[in-house]
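Chemist: Structure file protein16.csv (CSV, C-alpha atoms and all ligand atoms) is given on the next line.
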chain,number,residue,atom,x,y,z
A,16,MET,CA,-1.5,0.5,-17.8
A,17,ILE,CA,2.1,1.2,-16.5
A,18,LYS,CA,5.3,-0.6,-17.5
A,19,ILE,CA,8.5,0.5,-15.9
A,20,GLU,CA,11.5,-1.1,-17.4
A,21,ASN,CA,15.1,-1.1,-16.1
A,22,LEU,CA,14.8,2.3,-14.4
A,23,THR,CA,17.9,3.8,-12.9
A,24,LYS,CA,18.3,7.1,-11.2
A,25,ALA,CA,21.3,8.6,-9.3
A,26,TYR,CA,21.7,11.9,-7.6
A,27,LYS,CA,25.0,13.8,-7.2
A,28,ALA,CA,25.6,15.4,-3.8
A,29,LYS,CA,28.8,16.8,-2.5
A,30,GLY,CA,30.8,15.2,-5.3
A,31,LYS,CA,29.4,11.8,-4.6
A,32,THR,CA,26.9,9.8,-6.7
A,33,ILE,CA,24.1,8.1,-4.9
A,34,LYS,CA,22.2,5.4,-6.8
A,35,VAL,CA,18.6,5.8,-5.7
A,36,LEU,CA,16.8,3.5,-8.2
A,37,ASP,CA,18.7,0.5,-9.4
A,38,ASP,CA,17.3,-1.4,-12.4
A,39,VAL,CA,13.7,-1.2,-11.3
A,40,SER,CA,11.1,-2.9,-13.4
A,41,LEU,CA,7.4,-3.4,-12.6
A,42,GLU,CA,4.0,-3.6,-14.3
A,43,VAL,CA,0.7,-2.2,-13.1
A,44,LYS,CA,-2.5,-3.5,-14.7
A,45,LYS,CA,-5.5,-1.2,-15.5
A,46,GLY,CA,-7.8,-1.0,-12.5
A,47,GLU,CA,-5.3,-2.3,-9.9
A,48,VAL,CA,-4.4,-0.7,-6.6
A,49,TYR,CA,-0.6,-1.1,-6.5
A,50,GLY,CA,1.4,-0.4,-3.4
A,51,ILE,CA,5.1,0.3,-3.2
A,52,ILE,CA,6.3,-0.1,0.4
A,53,GLY,CA,9.8,0.5,1.9
A,54,ARG,CA,11.6,2.1,4.7
A,55,SER,CA,12.7,5.8,4.7
A,56,GLY,CA,15.2,6.5,2.0
A,57,ALA,CA,14.5,3.4,0.0
A,58,GLY,CA,13.6,5.3,-3.1
A,59,LYS,CA,9.8,5.3,-3.0
A,60,SER,CA,9.3,9.0,-3.7
A,61,THR,CA,11.8,9.1,-6.5
A,62,LEU,CA,10.1,6.1,-8.1
A,63,LEU,CA,6.7,7.7,-7.8
A,64,LYS,CA,8.0,11.0,-9.3
A,65,CYS,CA,9.4,9.0,-12.2
A,66,LEU,CA,5.9,7.8,-13.0
A,67,ASN,CA,4.9,11.3,-14.1
A,68,LEU,CA,8.4,12.4,-15.1
A,69,LEU,CA,8.7,14.9,-12.3
A,70,GLU,CA,12.0,13.2,-12.0
A,71,LYS,CA,13.6,12.1,-15.2
A,72,PRO,CA,15.2,8.6,-14.9
A,73,ASP,CA,18.8,8.3,-16.1
A,74,THR,CA,18.0,5.2,-18.0
A,75,GLY,CA,15.0,2.9,-18.6
A,76,ASN,CA,11.4,3.3,-19.9
A,77,VAL,CA,8.3,4.7,-18.2
A,78,ILE,CA,5.4,3.6,-20.3
A,79,VAL,CA,2.0,4.9,-19.1
A,80,ASP,CA,-1.0,4.0,-21.1
A,81,GLY,CA,1.2,3.0,-24.1
A,82,ILE,CA,3.2,6.2,-24.1
A,83,ASP,CA,6.9,6.2,-23.1
A,84,LEU,CA,6.9,9.4,-21.1
A,85,ALA,CA,10.7,9.8,-21.2
A,86,ARG,CA,10.7,10.0,-24.9
A,87,ILE,CA,8.0,12.6,-25.8
A,88,SER,CA,8.0,16.4,-26.2
A,89,LYS,CA,7.3,18.8,-23.4
A,90,LYS,CA,3.9,19.6,-24.9
A,91,GLU,CA,3.0,15.9,-25.2
A,92,LEU,CA,4.2,15.3,-21.6
A,93,ARG,CA,1.8,18.1,-20.4
A,94,LEU,CA,-1.1,16.4,-22.1
A,95,ALA,CA,-0.1,12.9,-20.8
A,96,ARG,CA,0.1,14.4,-17.2
A,97,GLN,CA,-3.5,15.4,-17.4
A,98,GLN,CA,-4.2,11.6,-17.3
A,99,ILE,CA,-2.3,11.4,-14.0
A,100,GLY,CA,-3.7,12.8,-10.7
A,101,VAL,CA,-1.4,13.1,-7.6
A,102,ILE,CA,-2.2,13.3,-3.9
A,103,PHE,CA,0.3,14.2,-1.3
A,104,GLN,CA,1.1,13.5,2.4
A,105,HIS,CA,0.8,17.2,3.3
A,106,PHE,CA,-2.2,17.9,0.9
A,107,ASN,CA,-0.4,20.8,-0.8
A,108,LEU,CA,-3.6,23.0,-0.8
A,109,LEU,CA,-3.4,26.8,-1.4
A,110,SER,CA,-4.3,28.4,1.9
A,111,SER,CA,-5.4,31.7,0.3
A,112,LYS,CA,-8.0,30.0,-1.9
A,113,THR,CA,-11.4,28.5,-1.0
A,114,ILE,CA,-12.0,24.8,-1.2
A,115,PHE,CA,-13.9,25.4,-4.5
A,116,ASP,CA,-11.0,27.3,-6.0
A,117,ASN,CA,-8.5,24.7,-4.9
A,118,VAL,CA,-10.4,21.9,-6.6
A,119,ALA,CA,-11.1,24.0,-9.7
A,120,LEU,CA,-7.4,24.9,-10.1
A,121,PRO,CA,-6.3,22.1,-12.5
A,122,LEU,CA,-9.2,23.0,-14.8
A,123,LYS,CA,-8.3,26.7,-14.7
A,124,LEU,CA,-4.7,25.7,-15.6
A,125,GLN,CA,-6.0,23.8,-18.6
A,126,GLY,CA,-7.7,27.1,-19.6
A,127,ASN,CA,-10.4,25.7,-21.9
A,128,HIS,CA,-13.4,25.3,-19.5
A,129,SER,CA,-16.3,27.7,-19.1
A,130,LYS,CA,-17.4,28.9,-15.7
A,131,GLU,CA,-20.5,26.7,-15.8
A,132,GLU,CA,-18.4,23.6,-16.8
A,133,THR,CA,-16.0,24.3,-14.0
A,134,LYS,CA,-18.7,24.7,-11.4
A,135,ALA,CA,-20.5,21.5,-12.5
A,136,ALA,CA,-17.2,19.6,-12.3
A,137,VAL,CA,-16.2,21.0,-8.9
A,138,ASP,CA,-19.7,20.3,-7.5
A,139,GLU,CA,-19.5,16.7,-8.7
A,140,MET,CA,-16.0,16.2,-7.2
A,141,LEU,CA,-17.0,17.8,-3.8
A,142,LYS,CA,-20.1,15.5,-3.7
A,143,LEU,CA,-17.9,12.5,-4.4
A,144,VAL,CA,-15.6,13.3,-1.5
A,145,GLY,CA,-18.5,14.3,0.8
A,146,LEU,CA,-17.5,18.0,1.1
A,147,THR,CA,-20.3,19.8,-0.7
A,148,GLU,CA,-21.1,22.2,2.1
A,149,PHE,CA,-17.4,23.1,2.5
A,150,ALA,CA,-17.0,24.7,-1.0
A,151,HIS,CA,-16.6,28.3,0.3
A,152,LYS,CA,-14.5,27.6,3.4
A,153,TYR,CA,-10.7,27.9,3.5
A,154,PRO,CA,-8.2,25.0,4.0
A,155,SER,CA,-7.3,26.3,7.5
A,156,SER,CA,-10.8,25.5,8.8
A,157,LEU,CA,-10.6,21.8,7.7
A,158,SER,CA,-9.3,18.7,9.5
A,159,GLY,CA,-6.5,16.7,8.0
A,160,GLY,CA,-8.9,14.1,6.7
A,161,GLN,CA,-11.0,16.8,5.1
A,162,LYS,CA,-8.0,18.4,3.5
A,163,GLN,CA,-7.0,15.1,2.0
A,164,ARG,CA,-10.5,14.8,0.6
A,165,VAL,CA,-10.0,18.2,-1.1
A,166,GLY,CA,-6.7,16.9,-2.4
A,167,ILE,CA,-8.4,13.8,-3.9
A,168,ALA,CA,-11.2,16.0,-5.4
A,169,ARG,CA,-8.5,18.2,-7.0
A,170,ALA,CA,-6.5,15.2,-8.3
A,171,LEU,CA,-9.6,13.7,-9.9
A,172,ILE,CA,-11.2,16.8,-11.5
A,173,THR,CA,-9.4,16.3,-14.8
A,174,LYS,CA,-10.8,12.7,-14.9
A,175,PRO,CA,-7.4,11.0,-14.9
A,176,LYS,CA,-6.9,7.3,-15.6
A,177,LEU,CA,-4.2,7.0,-13.0
A,178,LEU,CA,-3.9,8.3,-9.4
A,179,LEU,CA,-0.6,8.5,-7.7
A,180,SER,CA,-0.6,8.7,-3.9
A,181,ASP,CA,2.5,9.9,-2.1
A,182,GLU,CA,2.1,8.7,1.5
A,183,ALA,CA,-1.5,10.2,1.4
A,184,THR,CA,-2.4,8.9,4.8
A,185,SER,CA,0.9,9.2,6.7
A,186,ALA,CA,-0.1,12.5,8.4
A,187,LEU,CA,-3.5,11.2,9.5
A,188,ASP,CA,-4.7,9.3,12.6
A,189,PRO,CA,-5.7,5.7,12.2
A,190,GLN,CA,-9.5,6.4,12.0
A,191,THR,CA,-9.1,9.1,9.4
A,192,THR,CA,-6.6,6.9,7.6
A,193,ALA,CA,-9.3,4.2,7.4
A,194,SER,CA,-11.9,6.6,6.0
A,195,ILE,CA,-9.5,8.0,3.3
A,196,LEU,CA,-8.5,4.4,2.3
A,197,ASP,CA,-12.2,3.5,2.0
A,198,LEU,CA,-12.7,6.5,-0.2
A,199,LEU,CA,-9.7,5.6,-2.4
A,200,LEU,CA,-11.1,2.1,-2.7
A,201,GLU,CA,-14.5,3.4,-3.7
A,202,ILE,CA,-12.9,5.6,-6.3
A,203,ASN,CA,-10.9,2.7,-7.7
A,204,GLU,CA,-14.0,0.5,-7.8
A,205,THR,CA,-16.6,2.9,-9.1
A,206,LEU,CA,-14.5,5.0,-11.5
A,207,GLY,CA,-12.1,2.3,-12.5
A,208,ILE,CA,-9.1,4.5,-11.8
A,209,THR,CA,-5.7,2.7,-11.4
A,210,ILE,CA,-4.0,3.7,-8.2
A,211,VAL,CA,-0.3,3.5,-7.4
A,212,LEU,CA,0.6,4.4,-3.9
A,213,ILE,CA,3.8,4.6,-1.9
A,214,THR,CA,3.7,4.0,1.8
A,215,HIS,CA,5.8,2.8,4.8
A,216,GLU,CA,2.6,1.4,6.5
A,217,ILE,CA,1.8,-2.2,5.9
A,218,GLU,CA,-1.7,-1.5,7.0
A,219,VAL,CA,-2.3,0.6,3.9
A,220,VAL,CA,-1.2,-2.4,1.8
A,221,ARG,CA,-3.4,-4.7,3.8
A,222,LYS,CA,-6.5,-2.6,3.4
A,223,ILE,CA,-6.6,-1.6,-0.2
A,224,CYS,CA,-3.8,-3.0,-2.4
A,225,ASP,CA,-4.2,-5.8,-5.0
A,226,LYS,CA,-0.4,-6.0,-5.6
A,227,VAL,CA,2.6,-4.8,-3.7
A,228,ALA,CA,6.3,-4.2,-4.4
A,229,VAL,CA,8.8,-4.0,-1.6
A,230,ILE,CA,11.7,-1.6,-2.3
A,231,ASP,CA,15.0,-1.5,-0.5
A,232,ALA,CA,18.0,0.6,-1.4
A,233,GLY,CA,16.6,1.4,-4.8
A,234,LYS,CA,15.8,-2.2,-5.7
A,235,ILE,CA,12.5,-4.1,-5.8
A,236,ILE,CA,13.2,-7.1,-3.5
A,237,GLU,CA,9.8,-8.7,-3.5
A,238,GLU,CA,6.7,-8.3,-5.6
A,239,GLY,CA,3.4,-10.0,-6.0
A,240,LYS,CA,-0.3,-10.2,-5.0
A,241,ALA,CA,-0.7,-8.3,-1.7
A,242,PHE,CA,-2.3,-11.3,-0.2
A,243,ASP,CA,0.5,-13.7,-1.0
A,244,VAL,CA,3.2,-11.3,0.1
A,245,LEU,CA,1.5,-10.5,3.4
A,246,MET,CA,0.7,-14.0,4.2
A,247,HIS,CA,4.0,-15.6,3.1
A,248,PRO,CA,6.7,-13.0,2.9
A,249,LYS,CA,9.9,-14.3,1.4
A,250,GLU,CA,12.4,-11.6,2.2
A,251,PRO,CA,13.5,-10.8,5.8
A,252,LEU,CA,12.8,-7.1,5.2
A,253,THR,CA,9.2,-7.8,4.1
A,254,ARG,CA,8.7,-9.9,7.2
A,255,LYS,CA,10.2,-7.2,9.3
A,256,LEU,CA,7.9,-4.5,7.9
A,257,ILE,CA,4.9,-6.8,8.6
A,258,ILE,CA,6.0,-7.7,12.1
A,259,GLU,CA,7.1,-4.2,13.0
A,260,GLU,CA,3.9,-2.5,11.9
A,261,SER,CA,1.2,-5.0,12.4
A,262,SER,CA,-0.3,-7.2,15.1
A,263,ASP,CA,2.1,-10.0,14.0
A,264,LYS,CA,4.4,-8.4,16.6
A,265,TYR,CA,3.2,-11.0,19.1
A,266,LEU,CA,5.0,-13.7,17.2
A,267,GLU,CA,8.3,-12.1,18.0
A,268,GLN,CA,7.3,-11.7,21.6
A,269,VAL,CA,6.4,-15.4,21.8
A,270,ARG,CA,9.8,-16.3,20.2
A,271,HIS,CA,11.5,-14.3,22.8
A,272,PHE,CA,9.4,-15.6,25.7
A,273,TYR,CA,9.9,-19.3,24.8
A,274,LYS,CA,13.6,-19.0,24.1
A,275,PHE,CA,14.1,-20.0,27.8
A,276,GLU,CA,12.0,-23.1,27.7
A,277,LYS,CA,13.7,-25.0,24.9
A,278,ASN,CA,13.2,-28.5,26.4
A,279,SER,CA,9.7,-28.0,27.6
A,280,GLY,CA,8.3,-30.6,25.1
A,281,LYS,CA,5.8,-28.0,24.0
A,282,HIS,CA,5.3,-26.9,20.4
A,283,ILE,CA,4.2,-23.4,19.4
A,284,LEU,CA,2.6,-23.1,16.0
A,285,LEU,CA,1.2,-20.2,14.1
A,286,LEU,CA,-1.8,-21.2,12.0
A,287,SER,CA,-3.0,-19.0,9.2
A,288,PHE,CA,-6.4,-19.5,7.7
A,289,VAL,CA,-7.4,-18.0,4.4
A,290,GLY,CA,-10.9,-17.5,2.8
A,291,GLU,CA,-13.2,-20.4,3.5
A,292,THR,CA,-10.7,-22.2,5.7
A,293,THR,CA,-11.1,-19.3,8.2
A,294,TYR,CA,-14.4,-20.9,9.2
A,295,GLN,CA,-13.3,-24.5,9.6
A,296,PRO,CA,-13.3,-26.2,13.1
A,297,ILE,CA,-9.6,-27.1,12.8
A,298,LEU,CA,-8.7,-27.3,16.5
A,299,ASN,CA,-11.7,-29.6,17.1
A,300,THR,CA,-10.6,-31.9,14.4
A,301,ILE,CA,-7.0,-32.1,15.7
A,302,ALA,CA,-8.2,-32.7,19.2
A,303,ARG,CA,-10.5,-35.6,18.1
A,304,GLN,CA,-7.9,-37.2,15.8
A,305,THR,CA,-4.7,-36.9,17.8
A,306,ASP,CA,-3.5,-37.1,21.5
A,307,LEU,CA,-2.4,-33.5,21.5
A,308,ASP,CA,-3.6,-31.0,24.1
A,309,PHE,CA,-3.6,-27.4,23.1
A,310,SER,CA,-4.0,-23.9,24.5
A,311,ILE,CA,-4.8,-20.9,22.4
A,312,LEU,CA,-2.1,-18.2,23.1
A,313,ARG,CA,-3.6,-15.6,20.8
A,314,GLY,CA,-5.9,-15.3,17.8
A,315,GLU,CA,-7.2,-12.7,15.4
A,316,LEU,CA,-9.5,-12.3,12.4
A,317,ASP,CA,-8.9,-9.7,9.8
A,318,ARG,CA,-9.2,-9.1,6.0
A,319,ILE,CA,-6.5,-8.5,3.4
A,320,LYS,CA,-8.5,-6.2,1.0
A,321,LYS,CA,-11.7,-8.3,0.9
A,322,ILE,CA,-10.4,-11.7,1.7
A,323,PRO,CA,-10.9,-12.9,5.3
A,324,PHE,CA,-8.0,-14.5,7.1
A,325,GLY,CA,-7.4,-15.6,10.6
A,326,GLN,CA,-4.3,-16.4,12.6
A,327,LEU,CA,-4.0,-18.5,15.7
A,328,LEU,CA,-1.0,-19.0,17.9
A,329,ILE,CA,-1.4,-22.4,19.5
A,330,GLU,CA,0.7,-24.3,22.1
A,331,PHE,CA,0.4,-28.0,21.4
A,332,ASN,CA,1.4,-30.5,24.0
A,333,GLY,CA,2.2,-34.0,22.9
A,334,ASP,CA,4.7,-36.3,21.2
A,335,HIS,CA,6.2,-35.7,17.8
A,336,ASN,CA,4.0,-38.4,16.1
A,337,SER,CA,0.9,-36.6,17.2
A,338,LEU,CA,2.3,-33.3,16.1
A,339,GLY,CA,3.1,-34.9,12.7
A,340,LYS,CA,-0.5,-36.1,12.5
A,341,ALA,CA,-1.8,-32.6,13.4
A,342,CYS,CA,0.4,-31.1,10.6
A,343,GLU,CA,-1.1,-33.6,8.1
A,344,ILE,CA,-4.6,-32.6,9.2
A,345,MET,CA,-3.8,-28.9,8.7
A,346,GLN,CA,-2.3,-29.6,5.3
A,347,ASP,CA,-5.4,-31.5,4.2
A,348,MET,CA,-7.7,-28.7,5.4
A,349,GLY,CA,-5.7,-26.1,3.6
A,350,VAL,CA,-4.4,-24.4,6.8
A,351,HIS,CA,-1.0,-22.9,6.5
A,352,TYR,CA,1.2,-23.4,9.6
A,353,GLU,CA,4.6,-22.4,10.8
A,354,ILE,CA,6.4,-24.1,13.7
A,355,VAL,CA,7.5,-21.2,15.8
A,356,HIS,CA,9.1,-23.4,18.5
G,1,LIG,N1,17.0,15.8,-5.1
G,1,LIG,C1,17.8,14.9,-4.5
G,1,LIG,N2,19.1,15.2,-4.4
G,1,LIG,C2,20.0,14.3,-3.8
G,1,LIG,N3,19.6,13.2,-3.1
G,1,LIG,C3,18.2,12.9,-3.2
G,1,LIG,C4,17.3,13.8,-3.8
G,1,LIG,N4,16.1,13.2,-3.6
G,1,LIG,C5,16.2,12.1,-2.9
G,1,LIG,N5,17.5,11.9,-2.6
G,1,LIG,C6,18.1,10.8,-1.9
G,1,LIG,O1,17.6,9.6,-2.5
G,1,LIG,C7,17.3,8.6,-1.5
G,1,LIG,C8,15.9,8.1,-1.7
G,1,LIG,O2,15.0,9.2,-1.5
G,1,LIG,P1,13.5,9.0,-1.6
G,1,LIG,O3,12.9,10.3,-1.1
G,1,LIG,O4,13.1,8.5,-3.0
G,1,LIG,O5,13.2,7.8,-0.6
G,1,LIG,P2,11.8,7.4,0.2
G,1,LIG,O6,11.8,6.0,0.2
G,1,LIG,O7,10.7,8.1,-0.5
G,1,LIG,O8,12.1,8.0,1.6
G,1,LIG,P3,11.0,8.7,2.7
G,1,LIG,O9,10.0,7.7,3.0
G,1,LIG,O10,11.9,9.1,3.8
G,1,LIG,O11,10.4,9.9,1.9
G,1,LIG,C9,17.6,9.2,-0.2
G,1,LIG,O12,18.9,8.8,0.2
G,1,LIG,C10,17.6,10.7,-0.5
G,1,LIG,O13,18.4,11.4,0.4
Written as structure tokens, how would this file's structure read?

Modeler:
Amino acid sequence: MIKIENLTKAYKAKGKTIKVLDDVSLEVKKGEVYGIIGRSGAGKSTLLKCLNLLEKPDTGNVIVDGIDLARISKKELRLARQQIGVIFQHFNLLSSKTIFDNVALPLKLQGNHSKEETKAAVDEMLKLVGLTEFAHKYPSSLSGGQKQRVGIARALITKPKLLLSDEATSALDPQTTASILDLLLEINETLGITIVLITHEIEVVRKICDKVAVIDAGKIIEEGKAFDVLMHPKEPLTRKLIIEESSDKYLEQVRHFYKFEKNSGKHILLLSFVGETTYQPILNTIARQTDLDFSILRGELDRIKKIPFGQLLIEFNGDHNSLGKACEIMQDMGVHYEIVH
């Protein structure tokens, strides 16, 4: 669906050249939800804007649905953009227009739809986002989550194949964020629309992304299935994003806490369970087959997209042979473990 090849982009400011995208290549398959995560200033917005040529890359190719957007005429680009919907962090609604007119706007700009067609299309979109009864209200009377629903309806009214999301949930509280992410997932699954989103929140990646790319200083430093990257991050920055913004924070706290008890003879392990292994009686098995005692320091169950996973932070007490045996058992049962201390 999307192929970005060797993209570079630099801005000139005050006589200096700042390289914002540095040889970025990535591929998004049809129907995927693809997340691009990074810290502020990493180049996320610039990369997203290159996907619909709102920013023109200095070099490289932006191929969307087989068309290299950087190498077509303005007229062709206008047509290609009709296949790309965009939603924004601050919704970008027109405050002087009703919800109905905001959603109808892209069709009006296309200029070739009858009043009846437009009404039918807007009604369909408002139903999809659950705002039918808000058609004649104005944006100022809506909550943030409702405004974003209007933004989504407006983005989808031209029936695009691709939806770009520019930090669409960053201005929303956690509960509203969850409902908007659910809506995006429903749209992806029922309408088959490919979604590319940029975010600085690992939670967004965890909830809806199939794939994720981590961007830092204009370079993609890690890329892969969201599940693999979240469970086994390779790069220190990815790990930091996960630890800073998710409940994995406790791992850092434990590292800090146990730093003073180096010779305690205790071993702290973080166990990660994926899919079916989540439901296995691993601790029971270890207790029966080794001389280790254990205490559970912390545990949680969650999902990455739809795959269940669990994490347990365990303090094992016993000799190294027993610990080795426990590690073998975990390996045999498909449980990933990390010796924290
Ligand atoms: N039009 C511009 N002119 C000059 N510099 C720019 C321009 N747009 C972005 N930049 C610079 O490019 C870098 C990347 O900006 P970009 O907005 O792509 O990052 P980001 O990862 O989206 O950050 P944030 O999450 O804070 O929005 C920043 O250093 C920014 O100051």

Chemist: What is the atom CA of Cys342 of chain A-atom CA of Gly314 of chain A distance in Å, reported with one decimal?

Modeler: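 Calculated distance between atom CA of Cys342 of chain A and atom CA of Gly314 of chain A is 18.5 Å.
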
Chemist: Can you list, as an MDAnalysis selection string, every protein, DNA or RNA residue that comes within 10 Å of segment 62-71 of chain A when you count all atoms listed in the file, leaving out same-chain residues fewer than 2 positions away?

Modeler: chainID A and resid 17:19 22:24 35:36 39 51 57:60 73:79 84:85 92:93 95:101 179:181 211:213 230 233

Chemist: Ranking A:Ala183, A:Leu200, A:Leu284, A:Ala168 by minimum distance to ligand LIG 1 (chain G) and counting all atoms listed in the file, which one comes first?

Modeler: A:Ala183

Chemist: Please determine, counting only C-alpha atoms, which residue among A:Leu41, A:Met140, A:Val48, A:Leu285 has the shortest atom-to-atom distance to Asn203 of chain A.

Modeler: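 Of all the options, A:Val48 lies closest to Asn203 of chain A.
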
Chemist: So the first atom is atom CA of Met345 of chain A and the second is atom CA of Phe324 of chain A; what is the distance between them in Å, to one decimal place?

Modeler: 15.1 Å

Chemist: Suppose you want the space between atom CA of Ser194 of chain A and atom CA of Gly160 of chain A; what is it in Å?

Modeler: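 If I compute the distance from atom CA of Ser194 of chain A to atom CA of Gly160 of chain A, I get 8.1 Å.
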
Chemist: Smallest atom-to-atom distance to ligand LIG 1 (chain G): which of A:Asp225, A:Glu204, A:Glu182, A:Asp347, using only C-alpha atoms and all ligand atoms?

Modeler: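 Ranking A:Asp225, A:Glu204, A:Glu182, A:Asp347 by distance to ligand LIG 1 (chain G), first place goes to A:Glu182.
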
Chemist: Neighbouring residues of Pro323 of chain A were defined as those with any atom within 8 Å, considering only C-alpha atoms; residues of the same chain fewer than 4 positions away were excluded. Please report them as a list in words.

Modeler: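 Final neighbour list, sorted by chain and number: Val289, Gly290, Thr293, Leu316, Asp317, Arg318 and Ile319 of chain A.
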
Chemist: When you count all atoms listed in the file, which of these residues is closest to ligand LIG 1 (chain G): A:Leu206, A:Ala232, A:Ile344, A:Leu122?

Modeler: A:Ala232

Chemist: Which one of A:Ile354, A:Ala241, A:Ile223, A:Met246 sits closest to His282 of chain A if you count only C-alpha atoms?

Modeler: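 Closest to His282 of chain A, using only C-alpha atoms: A:Ile354.
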
Chemist: Any idea what's packed within 10 Å of Ser55 of chain A, counting all atoms listed in the file, ignoring anything in its chain fewer than 6 positions away? Could you give it as an mmCIF file with C-alpha atoms, in the frame of the given file?

Modeler:
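Listed below is the output, result.cif:
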data_model
loop_
_atom_site.group_PDB
_atom_site.id
_atom_site.type_symbol
_atom_site.label_atom_id
_atom_site.label_comp_id
_atom_site.auth_asym_id
_atom_site.auth_seq_id
_atom_site.Cartn_x
_atom_site.Cartn_y
_atom_site.Cartn_z
ATOM 1 C CA THR A 214 3.700 4.000 1.800
ATOM 2 C CA HIS A 215 5.800 2.800 4.800
ATOM 3 C CA ASP A 231 15.000 -1.500 -0.500
ATOM 4 C CA ALA A 232 18.000 0.600 -1.400
#

Chemist: Which polymer residues have any atom within 9 Å of an atom of Arg164 of chain A, counting all atoms listed in the file, with same-chain residues fewer than 3 positions away left out, as a list of chain:residue names?

Modeler: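 Contacts, with the query itself left out: A:Phe106, A:Leu141, A:Val144, A:Gly145, A:Leu146, A:Gly159, A:Gly160, A:Gln161, A:Ile167, A:Ala168, A:Arg169, A:Ile195, A:Leu198.
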
Chemist: Calculated over all atoms listed in the file, which of the candidates A:Ile114, A:Leu94, A:Met16, A:Val227 has the smallest distance to Ser156 of chain A?

Modeler: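 Among A:Ile114, A:Leu94, A:Met16, A:Val227, it is A:Ile114 that comes nearest to Ser156 of chain A.
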
Chemist: Applying 10 Å and only C-alpha atoms, which residues near Leu245 of chain A remain after dropping the ones on its own chain fewer than 4 positions away? List them as a list in words.

Modeler: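 That gives Ile217, Val220, Arg221, Val227, Gly239, Lys240, Ala241, Lys249, Thr253, Arg254, Leu256, Ile257 and Ile319 of chain A.
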
Chemist: Have segment 94-106 of chain A completed to N, CA and C atoms, please, and pass it along as a short mmCIF file (atom, residue, chain, number, x, y, z; two decimals), in the coordinates of the input.

Modeler:
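File produced: part20.cif:
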data_model
loop_
_atom_site.label_atom_id
_atom_site.label_comp_id
_atom_site.auth_asym_id
_atom_site.auth_seq_id
_atom_site.Cartn_x
_atom_site.Cartn_y
_atom_site.Cartn_z
N LEU A 94 0.21 17.01 -21.80
CA LEU A 94 -1.10 16.40 -22.10
C LEU A 94 -1.17 15.01 -21.36
N ALA A 95 -0.06 14.26 -21.41
CA ALA A 95 -0.10 12.90 -20.80
C ALA A 95 -0.27 13.08 -19.26
N ARG A 96 0.27 14.15 -18.68
CA ARG A 96 0.10 14.40 -17.20
C ARG A 96 -1.31 14.64 -16.81
N GLN A 97 -2.11 15.11 -17.77
CA GLN A 97 -3.50 15.40 -17.40
C GLN A 97 -4.25 14.05 -17.12
N GLN A 98 -3.66 12.95 -17.55
CA GLN A 98 -4.20 11.60 -17.30
C GLN A 98 -3.75 11.08 -15.92
N ILE A 99 -2.91 11.87 -15.23
CA ILE A 99 -2.30 11.40 -14.00
C ILE A 99 -2.60 12.37 -12.85
N GLY A 100 -3.42 11.96 -11.89
CA GLY A 100 -3.70 12.80 -10.70
C GLY A 100 -2.69 12.42 -9.61
N VAL A 101 -2.38 13.39 -8.74
CA VAL A 101 -1.40 13.10 -7.60
C VAL A 101 -2.02 13.61 -6.32
N ILE A 102 -1.91 12.83 -5.26
CA ILE A 102 -2.20 13.30 -3.90
C ILE A 102 -1.01 13.17 -3.02
N PHE A 103 -0.92 14.09 -2.04
CA PHE A 103 0.30 14.20 -1.30
C PHE A 103 0.09 14.03 0.22
N GLN A 104 1.18 13.72 0.90
CA GLN A 104 1.10 13.50 2.40
C GLN A 104 0.62 14.81 3.06
N HIS A 105 1.15 15.96 2.63
CA HIS A 105 0.80 17.20 3.30
C HIS A 105 -0.23 18.02 2.48
N PHE A 106 -0.98 17.35 1.65
CA PHE A 106 -2.20 17.90 0.90
C PHE A 106 -1.82 18.90 -0.15
#
